[in-house]
Amino acid sequence: MKKRIVIAEVLPRLLKDRGWTAKKLSELAQVKPTTISTWLLTGSRPRNIEDVAAVASVLEVSLNHLLFGEADEPNDLNTLQTTTVLEGLYKLKLERVVIPETKKKPNR
């Protein structure tokens, strides 16, 4: 069954929830403002999956949620199946990567 792309319905809600404008989103995701506007106004099929991935990352949602409106499944660690590959103690370090905002130079 083919899924229907609903980015034009999902994106405005996500922006409203965060109090962001399309311009702010385009700056944070480093995606052209015209690309964001096209998705919002026409609901057209995104042409570049990298742009969609950048927007989803900045909004902290999955591609499935942004494109198809599907709810992100919470990760319940108690329900995950586990397999022992190597026994022993391990130390893991998780580091969140934040995309810095870029400052635009004023036009002269």
# chains A, B, ... in the order shown; residues from 1 in each chain; ligands from 1
>>> residues_around(residues="Val52 in chain A", least_positions_apart="5", cutoff="9 Å", atoms="only C-alpha atoms", output="VMD selection string")
chain A and resid 31 46 to 47 57 63 66 to 67
>>> residues_around(residues="Asn64 in chain A", least_positions_apart="6", cutoff="10 Å", atoms="only C-alpha atoms", output="PDB file with N, CA and C atoms, in the first residue's frame")
ATOM      1  N   ILE A   5       2.059  11.338   1.249  1.00  0.00           N
ATOM      2  CA  ILE A   5       2.929  12.329   1.891  1.00  0.00           C
ATOM      3  C   ILE A   5       2.071  13.485   2.394  1.00  0.00           C
ATOM      4  N   ILE A   7       3.404  16.156   4.435  1.00  0.00           N
ATOM      5  CA  ILE A   7       4.317  17.125   5.040  1.00  0.00           C
ATOM      6  C   ILE A   7       3.669  18.508   5.176  1.00  0.00           C
ATOM      7  N   ALA A  56      13.885  17.164   9.703  1.00  0.00           N
ATOM      8  CA  ALA A  56      13.423  16.223  10.729  1.00  0.00           C
ATOM      9  C   ALA A  56      14.373  16.217  11.922  1.00  0.00           C
ATOM     10  N   GLU A  70       3.042   9.726  10.674  1.00  0.00           N
ATOM     11  CA  GLU A  70       2.972   8.574  11.562  1.00  0.00           C
ATOM     12  C   GLU A  70       3.599   8.930  12.902  1.00  0.00           C
ATOM     13  N   ALA A  71       2.940   8.514  13.972  1.00  0.00           N
ATOM     14  CA  ALA A  71       3.427   8.822  15.311  1.00  0.00           C
ATOM     15  C   ALA A  71       4.770   8.148  15.545  1.00  0.00           C
ATOM     16  N   ASP A  72       5.661   8.879  16.186  1.00  0.00           N
ATOM     17  CA  ASP A  72       6.937   8.289  16.574  1.00  0.00           C
ATOM     18  C   ASP A  72       6.686   7.361  17.743  1.00  0.00           C
TER      19      ASP A  72
END
>>> residues_around(residues="Val55 in chain A", least_positions_apart="3", cutoff="10 Å", atoms="only C-alpha atoms", output="tab-separated table (two decimals) with N, CA, C and O atoms, in the first residue's frame")
chain	number	residue	atom	x	y	z
A	11	LEU	N	4.08	19.73	9.03
A	11	LEU	CA	5.07	20.78	9.26
A	11	LEU	C	4.51	22.02	9.95
A	11	LEU	O	5.13	22.52	10.89
A	25	LEU	N	13.28	27.85	10.73
A	25	LEU	CA	13.52	26.44	10.44
A	25	LEU	C	14.53	26.29	9.31
A	25	LEU	O	15.44	25.47	9.39
A	26	SER	N	14.38	27.07	8.27
A	26	SER	CA	15.31	26.96	7.14
A	26	SER	C	16.73	27.32	7.56
A	26	SER	O	17.68	26.69	7.11
A	28	LEU	N	18.01	27.00	10.71
A	28	LEU	CA	18.51	25.95	11.60
A	28	LEU	C	18.86	24.67	10.85
A	28	LEU	O	19.86	24.02	11.15
A	29	ALA	N	18.05	24.33	9.87
A	29	ALA	CA	18.27	23.10	9.10
A	29	ALA	C	19.21	23.31	7.92
A	29	ALA	O	19.60	22.35	7.27
A	30	GLN	N	19.54	24.57	7.66
A	30	GLN	CA	20.38	24.93	6.51
A	30	GLN	C	19.78	24.42	5.21
A	30	GLN	O	20.44	23.78	4.39
A	31	VAL	N	18.48	24.69	5.06
A	31	VAL	CA	17.72	24.33	3.87
A	31	VAL	C	17.17	25.63	3.29
A	31	VAL	O	16.78	26.52	4.04
A	36	ILE	N	11.32	25.08	2.02
A	36	ILE	CA	10.37	24.98	3.13
A	36	ILE	C	9.02	25.55	2.70
A	36	ILE	O	7.97	24.95	2.94
A	49	ILE	N	15.91	14.11	-0.24
A	49	ILE	CA	15.70	13.47	1.06
A	49	ILE	C	16.67	14.02	2.11
A	49	ILE	O	16.36	14.02	3.30
A	50	GLU	N	17.81	14.54	1.68
A	50	GLU	CA	18.75	15.14	2.63
A	50	GLU	C	18.16	16.39	3.27
A	50	GLU	O	18.38	16.64	4.45
A	51	ASP	N	17.41	17.17	2.51
A	51	ASP	CA	16.74	18.34	3.08
A	51	ASP	C	15.68	17.91	4.09
A	51	ASP	O	15.56	18.49	5.17
A	52	VAL	N	14.93	16.88	3.76
A	52	VAL	CA	13.90	16.37	4.66
A	52	VAL	C	14.54	15.85	5.95
A	52	VAL	O	14.07	16.12	7.05
A	58	VAL	N	16.38	18.68	12.99
A	58	VAL	CA	16.24	19.92	13.75
A	58	VAL	C	14.95	19.92	14.57
A	58	VAL	O	14.91	20.39	15.71
A	59	LEU	N	13.89	19.35	13.99
A	59	LEU	CA	12.60	19.29	14.70
A	59	LEU	C	12.54	18.13	15.68
A	59	LEU	O	11.57	18.01	16.43
A	60	GLU	N	13.56	17.28	15.66
A	60	GLU	CA	13.65	16.11	16.53
A	60	GLU	C	12.45	15.16	16.36
A	60	GLU	O	11.82	14.72	17.32
A	61	VAL	N	12.13	14.88	15.09
A	61	VAL	CA	11.09	13.90	14.74
A	61	VAL	C	11.66	12.95	13.71
A	61	VAL	O	12.69	13.23	13.09
A	62	SER	N	11.00	11.83	13.51
A	62	SER	CA	11.46	10.87	12.52
A	62	SER	C	11.03	11.31	11.12
A	62	SER	O	10.12	12.14	10.95
A	63	LEU	N	11.68	10.73	10.13
A	63	LEU	CA	11.28	10.98	8.74
A	63	LEU	C	9.84	10.51	8.51
A	63	LEU	O	9.07	11.17	7.82
A	66	LEU	N	7.48	13.20	9.86
A	66	LEU	CA	7.46	14.41	9.05
A	66	LEU	C	6.80	14.19	7.70
A	66	LEU	O	5.98	14.99	7.26
>>> residues_around(residues="Val10 in chain A", least_positions_apart="2", cutoff="9 Å", atoms="only C-alpha atoms", output="PDB file with N, CA and C atoms, in the first residue's frame")
ATOM      1  N   VAL A   6       2.210  13.781   3.688  1.00  0.00           N
ATOM      2  CA  VAL A   6       1.384  14.814   4.327  1.00  0.00           C
ATOM      3  C   VAL A   6       2.243  15.884   5.002  1.00  0.00           C
ATOM      4  N   ILE A   7       3.404  16.156   4.435  1.00  0.00           N
ATOM      5  CA  ILE A   7       4.317  17.125   5.040  1.00  0.00           C
ATOM      6  C   ILE A   7       3.669  18.508   5.176  1.00  0.00           C
ATOM      7  N   ALA A   8       2.787  18.867   4.260  1.00  0.00           N
ATOM      8  CA  ALA A   8       2.118  20.178   4.323  1.00  0.00           C
ATOM      9  C   ALA A   8       1.157  20.267   5.500  1.00  0.00           C
ATOM     10  N   PRO A  12       3.348  22.544   9.542  1.00  0.00           N
ATOM     11  CA  PRO A  12       2.825  23.720  10.245  1.00  0.00           C
ATOM     12  C   PRO A  12       2.572  23.470  11.732  1.00  0.00           C
ATOM     13  N   ARG A  13       2.096  22.265  12.073  1.00  0.00           N
ATOM     14  CA  ARG A  13       1.863  21.936  13.488  1.00  0.00           C
ATOM     15  C   ARG A  13       3.167  21.914  14.274  1.00  0.00           C
ATOM     16  N   LEU A  14       4.197  21.326  13.675  1.00  0.00           N
ATOM     17  CA  LEU A  14       5.486  21.253  14.345  1.00  0.00           C
ATOM     18  C   LEU A  14       6.080  22.646  14.553  1.00  0.00           C
ATOM     19  N   LEU A  15       5.937  23.505  13.557  1.00  0.00           N
ATOM     20  CA  LEU A  15       6.427  24.882  13.690  1.00  0.00           C
ATOM     21  C   LEU A  15       5.655  25.629  14.775  1.00  0.00           C
ATOM     22  N   HIS A  65       7.406  10.460  10.609  1.00  0.00           N
ATOM     23  CA  HIS A  65       6.461  11.424  11.177  1.00  0.00           C
ATOM     24  C   HIS A  65       6.347  12.661  10.290  1.00  0.00           C
ATOM     25  N   LEU A  66       7.484  13.205   9.865  1.00  0.00           N
ATOM     26  CA  LEU A  66       7.464  14.415   9.049  1.00  0.00           C
ATOM     27  C   LEU A  66       6.798  14.190   7.697  1.00  0.00           C
ATOM     28  N   LEU A  67       7.115  13.091   7.040  1.00  0.00           N
ATOM     29  CA  LEU A  67       6.584  12.844   5.698  1.00  0.00           C
ATOM     30  C   LEU A  67       5.163  12.282   5.689  1.00  0.00           C
ATOM     31  N   PHE A  68       4.901  11.321   6.595  1.00  0.00           N
ATOM     32  CA  PHE A  68       3.655  10.576   6.522  1.00  0.00           C
ATOM     33  C   PHE A  68       2.709  10.804   7.705  1.00  0.00           C
ATOM     34  N   GLY A  69       3.159  11.605   8.699  1.00  0.00           N
ATOM     35  CA  GLY A  69       2.313  11.891   9.845  1.00  0.00           C
ATOM     36  C   GLY A  69       2.191  10.741  10.822  1.00  0.00           C
TER      37      GLY A  69
END
